[in-house]
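S.K.: Structure incoming, see below.
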Amino acid sequence: MYKISNEDAYFFNEGKLYDAYRIFGAHLIKDEEGLIQGTRFTVYAPNALMVSVVGEFNNWLEHAHTLTKIHDMGVWSIEIPWNLEWAKYKYVIFTNQGKLYKADPYAKFSENRPNTASKVYDIDGYEWHDQDWMFSKTKLYDKPVMIYELHLGSWRTKYGQFFKFNEIVEQLIQYLKEQNFTHIELMPIYEHPLDDSWGYQGTGYYSATARYGVPKDLMYMIDRLHQEGFGVIMDWVPGHICKDAHGLYFFDGSPLYEHDETWKRENEVWGTANLDLSKPQTKSFLISNACFWMDYFHVDGFRVDAVSNLLYYLGDSRNGTNLGAIDFLRQLSYVIFGKDDRILLMAEDSTAHEGVTKPVDAGGIGFNYKWNMGFMNDVLRYFKRDPIHRKWHHHDITFGLTYAFSEQFVLPFSHDEVVHGKGTLLTRMPGDYWQKFANYRLLMGLYMTHPGKKLLFMGQEFAHFQEWSVHRQLDWNLYEFKSHHSANEFVRDLLYLYKSEPALHELDHDPKGFQWIDSTNADQSIYSFIRYGKDPEDHVLVVLNMTPTVYHQYEMGVPFSGVYDEIINSDLLKYGGSDQYNGLPLETFEGQCHNQNQYVKLTIGPLTALILKYRK
């Protein structure tokens, strides 16, 4: 009979067992030669009166295989002398209120929805080939980070059906290379029952969703992405769970992983249940889960969903600060950065809570990146306005720079901005067809030159028209239209420039990397600023004209004497613009302008973003 050690039991009950998946779940028992001799099932259910495992192997009979309570803390286990690899199973939890049929919280694989059973799976044995990536990847604070947010099931489909992980990866790699992205962020890919939840209401935290194949197919996909130089970030939801009967919700008839108090537990807005992150078994379960995805799937980071709902009860500061959740986040940070200090731990947080991206030992919460929701809201609100009204809202663009270096930010144009009637980045834009695309290019110019790492949701790189739907693939036929093809050419060139110009990424989190040239020209709605690299002479000048007015011989102050070259201009004809550009090198003139001792004379096109590079 399998026994849990006193040491494991102690650390589990302290919330400090970081490989709980080693004990719990379904495990194939192998001999010294690797041959499967049996299957062990172990589950934590302290309030159960009895537990049994049912499945195809025993015709789902409730009393055919009854688990033994192997520890007083509520651990139940059984060893069955059969090779049950791939077998479907559930636990029957007998309580004072009746019987509960539950999927295994630690299952490594599950049935494809709408079915809900767990499946015995051999998670070991994948042969990785990403050693170069794993040993050579570095911390990214001064590196370009351009994340492509991806919902795998609606990026591309084949005849309306999902591609498998291993089927889609080569298409994905080719596209990422063409577009100049550096990372992908996968919307939740662990098991969830409802497609319409987009993965954010999970039931199988350890189970790569069966929609796209088996877990080793996902390992292969990540392996291939690493081999080609792309990082993989996983969208992770530790705050709330799906309430479907087979999931974690009231697992043993009690709120085992959730808050005991109803008002803290029931998230009525989302129809989910909030986990109590102060409970030790919840801590052990979730931190082990993060470690599991790092160890078994080599993920390079986590985007933690709905952090505001963790920092404050129900996401509302009036309900009080959730100190237990903050302690959990700090502990999570300590553990995963201890495993790999190059990991990305990103908070999707809309609060003004201080220190979100400060290290734990400096009094922070321990993330190393935070989504800049203020930037996203302010900028998109500004761009929705007709250019004639923009001068009255000039501060929507400048305000973000007052706090741009208070945290380490990612600038997100995510899936949340292209659903629920909000439109897409393109359809938000005012004006006629030409002006919509000009505004879109202008928006992308601001986005890619503003301090902070970047995240762009799929389809927005080619100015998608339709809002995103989980039930259909992107409208790839838009590439056949010149306006969309040209818009994407601008985005591709802009991403290449972002990656290749140190001034656009080296000092993303340092105020020394940014300097306004003119932030007050509200009447003309023109913004201009410098982005610096670590070498001050390695800098670029960014000019943004937010109206359709064209300017010739526009005098713009610059910090160095010499020559500036225009390296990108959103108004070029090839991008769909009117072709107002600065073709020749721009030599500086001596004289005071914008508090600088020299200036250049520019042509600035309508609704245009242009970048000048200083020639050393």
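Identifiers in the structure tokens: chain A, B, ... in order shown; residue index from 1 per chain; ligand index from 1 in order shown.
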Set out as a Markdown table a contact list for segment 144-248 of chain A and segment 348-370 of chain A with a cut-off of 12 Å, giving each residue of segment 144-248 of chain A that qualifies its closest atom pair and distance in Å to one decimal, counting only C-alpha atoms, ordered by chain and rising residue number.
M.R.:
| residue | atom | partner | partner_atom | distance |
| --- | --- | --- | --- | --- |
| A:Val145 | CA | A:Tyr369 | CA | 11.5 |
| A:Asp235 | CA | A:Glu348 | CA | 10.0 |
| A:Trp236 | CA | A:Glu348 | CA | 10.3 |
| A:Val237 | CA | A:Glu348 | CA | 10.4 |
| A:Gly239 | CA | A:Glu348 | CA | 11.9 |
S.K.: Please dump the current selection as a compact mmCIF listing (two decimals), in the first residue's frame; keep C-alpha atoms.
M.R.:
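Result went into out_2.txt, see below:
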# COMPACT_ATOMS: atom_id res chain seq x y z
CA VAL A 145 9.44 41.58 -26.21
CA ASP A 235 -2.40 32.27 -19.54
CA TRP A 236 -3.07 31.08 -16.00
CA VAL A 237 -6.11 31.61 -13.76
CA GLY A 239 -8.15 33.11 -8.77
S.K.: Find the residues near Leu323 of chain A: any atom within 10 Å, counting only C-alpha atoms, skip ones fewer than 4 places away on the same chain, and give them as a list in words.
M.R.: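 In the requested form, the answer reads Leu277, Ser278, Leu310, Leu311, Tyr312, Tyr313, Asp327, Phe328 and Leu329 of chain A.
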S.K.: Can you write just those residues out, N, CA and C atoms, as a PDB file, in the first residue's frame?
M.R.:
ATOM      1  N   LEU A 277      -6.886  31.620  -1.536  1.00  0.00           N
ATOM      2  CA  LEU A 277      -5.452  31.433  -1.726  1.00  0.00           C
ATOM      3  C   LEU A 277      -4.678  31.458  -0.418  1.00  0.00           C
ATOM      4  N   SER A 278      -5.378  31.614   0.697  1.00  0.00           N
ATOM      5  CA  SER A 278      -4.706  31.515   1.987  1.00  0.00           C
ATOM      6  C   SER A 278      -4.728  30.088   2.529  1.00  0.00           C
ATOM      7  N   LEU A 310      -7.690  39.283  -7.129  1.00  0.00           N
ATOM      8  CA  LEU A 310      -6.891  38.646  -6.082  1.00  0.00           C
ATOM      9  C   LEU A 310      -6.480  39.660  -5.019  1.00  0.00           C
ATOM     10  N   LEU A 311      -6.108  40.847  -5.462  1.00  0.00           N
ATOM     11  CA  LEU A 311      -5.619  41.848  -4.511  1.00  0.00           C
ATOM     12  C   LEU A 311      -6.723  42.325  -3.574  1.00  0.00           C
ATOM     13  N   TYR A 312      -7.944  42.405  -4.127  1.00  0.00           N
ATOM     14  CA  TYR A 312      -9.086  42.867  -3.338  1.00  0.00           C
ATOM     15  C   TYR A 312     -10.209  41.844  -3.468  1.00  0.00           C
ATOM     16  N   TYR A 313     -10.948  41.626  -2.395  1.00  0.00           N
ATOM     17  CA  TYR A 313     -12.066  40.692  -2.457  1.00  0.00           C
ATOM     18  C   TYR A 313     -13.058  41.141  -3.519  1.00  0.00           C
ATOM     19  N   ASP A 327      -0.106  37.185  -0.057  1.00  0.00           N
ATOM     20  CA  ASP A 327       0.914  36.273   0.467  1.00  0.00           C
ATOM     21  C   ASP A 327       1.143  35.112  -0.501  1.00  0.00           C
ATOM     22  N   PHE A 328       0.059  34.601  -1.082  1.00  0.00           N
ATOM     23  CA  PHE A 328       0.187  33.532  -2.084  1.00  0.00           C
ATOM     24  C   PHE A 328       1.017  33.998  -3.274  1.00  0.00           C
ATOM     25  N   LEU A 329       0.728  35.184  -3.803  1.00  0.00           N
ATOM     26  CA  LEU A 329       1.449  35.684  -4.967  1.00  0.00           C
ATOM     27  C   LEU A 329       2.931  35.861  -4.663  1.00  0.00           C
TER      28      LEU A 329
END
S.K.: Give me the residues within 9 Å of Met234 of chain A as a PyMOL selection string, counting only C-alpha atoms and dropping any in the same chain fewer than 3 places off.
M.R.: chain A and resi 184-189+293+299-304
S.K.: DSSP on the backbone, strand (DSSP E or B) only: what residues of segment 80-304 of chain A does that give? Format it as a PyMOL selection string.
M.R.: chain A and resi 80+88-95+98-102+110+118-119+146-150+157-158+161-162+183-186+190-191+204-208+231-236+240-241+258+266-267+272-275+301-304
S.K.: For the helix (DSSP H, G or I) assignment from backbone DSSP, which residues of segment 349-503 of chain A qualify? Please present them as a PyMOL selection string.
M.R.: chain A and resi 360-362+373-384+387-393+395-402+415-418+433-449+460-462+476-480+482-500+502-503
S.K.: Would you please work out which residue, of A:Gln331, A:Asn13, A:Gln408, A:Thr424, is nearest to Leu380 of chain A when using only C-alpha atoms?
M.R.: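 When distances to Leu380 of chain A are compared using only C-alpha atoms, the smallest one comes from A:Thr424.
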S.K.: Which residues are near segment 57-60 of chain A? Cut-off 12 Å, only C-alpha atoms, ignore same chain within fewer than 3 positions. Put them as a compact mmCIF listing (two decimals) with C-alpha atoms, in the first residue's frame.
M.R.:
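Output below, filename result-v9.txt:
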# COMPACT_ATOMS: atom_id res chain seq x y z
CA THR A 39 -1.98 2.11 -11.63
CA SER A 52 -13.94 5.06 -4.79
CA VAL A 53 -12.58 5.23 -8.32
CA VAL A 54 -14.84 4.31 -11.21
CA HIS A 63 -17.83 -0.14 -4.92
CA ALA A 64 -15.56 -2.12 -7.22
CA HIS A 65 -12.42 -0.18 -6.25
CA THR A 66 -12.63 1.61 -2.91
CA ILE A 80 -4.83 -1.47 -8.97
CA PRO A 81 -2.58 -4.15 -10.55
CA TRP A 82 -3.62 -3.29 -14.10
CA ASN A 83 -2.14 -1.16 -16.83
CA LEU A 84 -4.86 1.50 -17.09
CA GLU A 85 -3.06 3.88 -19.43
CA TRP A 86 -5.66 5.91 -21.38
CA ALA A 87 -8.51 4.64 -19.17
CA LYS A 88 -11.30 7.09 -18.32
CA TYR A 89 -12.04 7.54 -14.65
CA LYS A 90 -13.67 9.65 -11.96
CA TYR A 91 -13.72 9.66 -8.19
CA VAL A 92 -16.93 9.01 -6.31
CA TYR A 101 -18.74 12.29 -9.17
CA ALA A 117 -13.97 12.18 -17.12
CA LYS A 119 -7.90 9.89 -18.32
CA VAL A 120 -4.85 8.01 -17.10
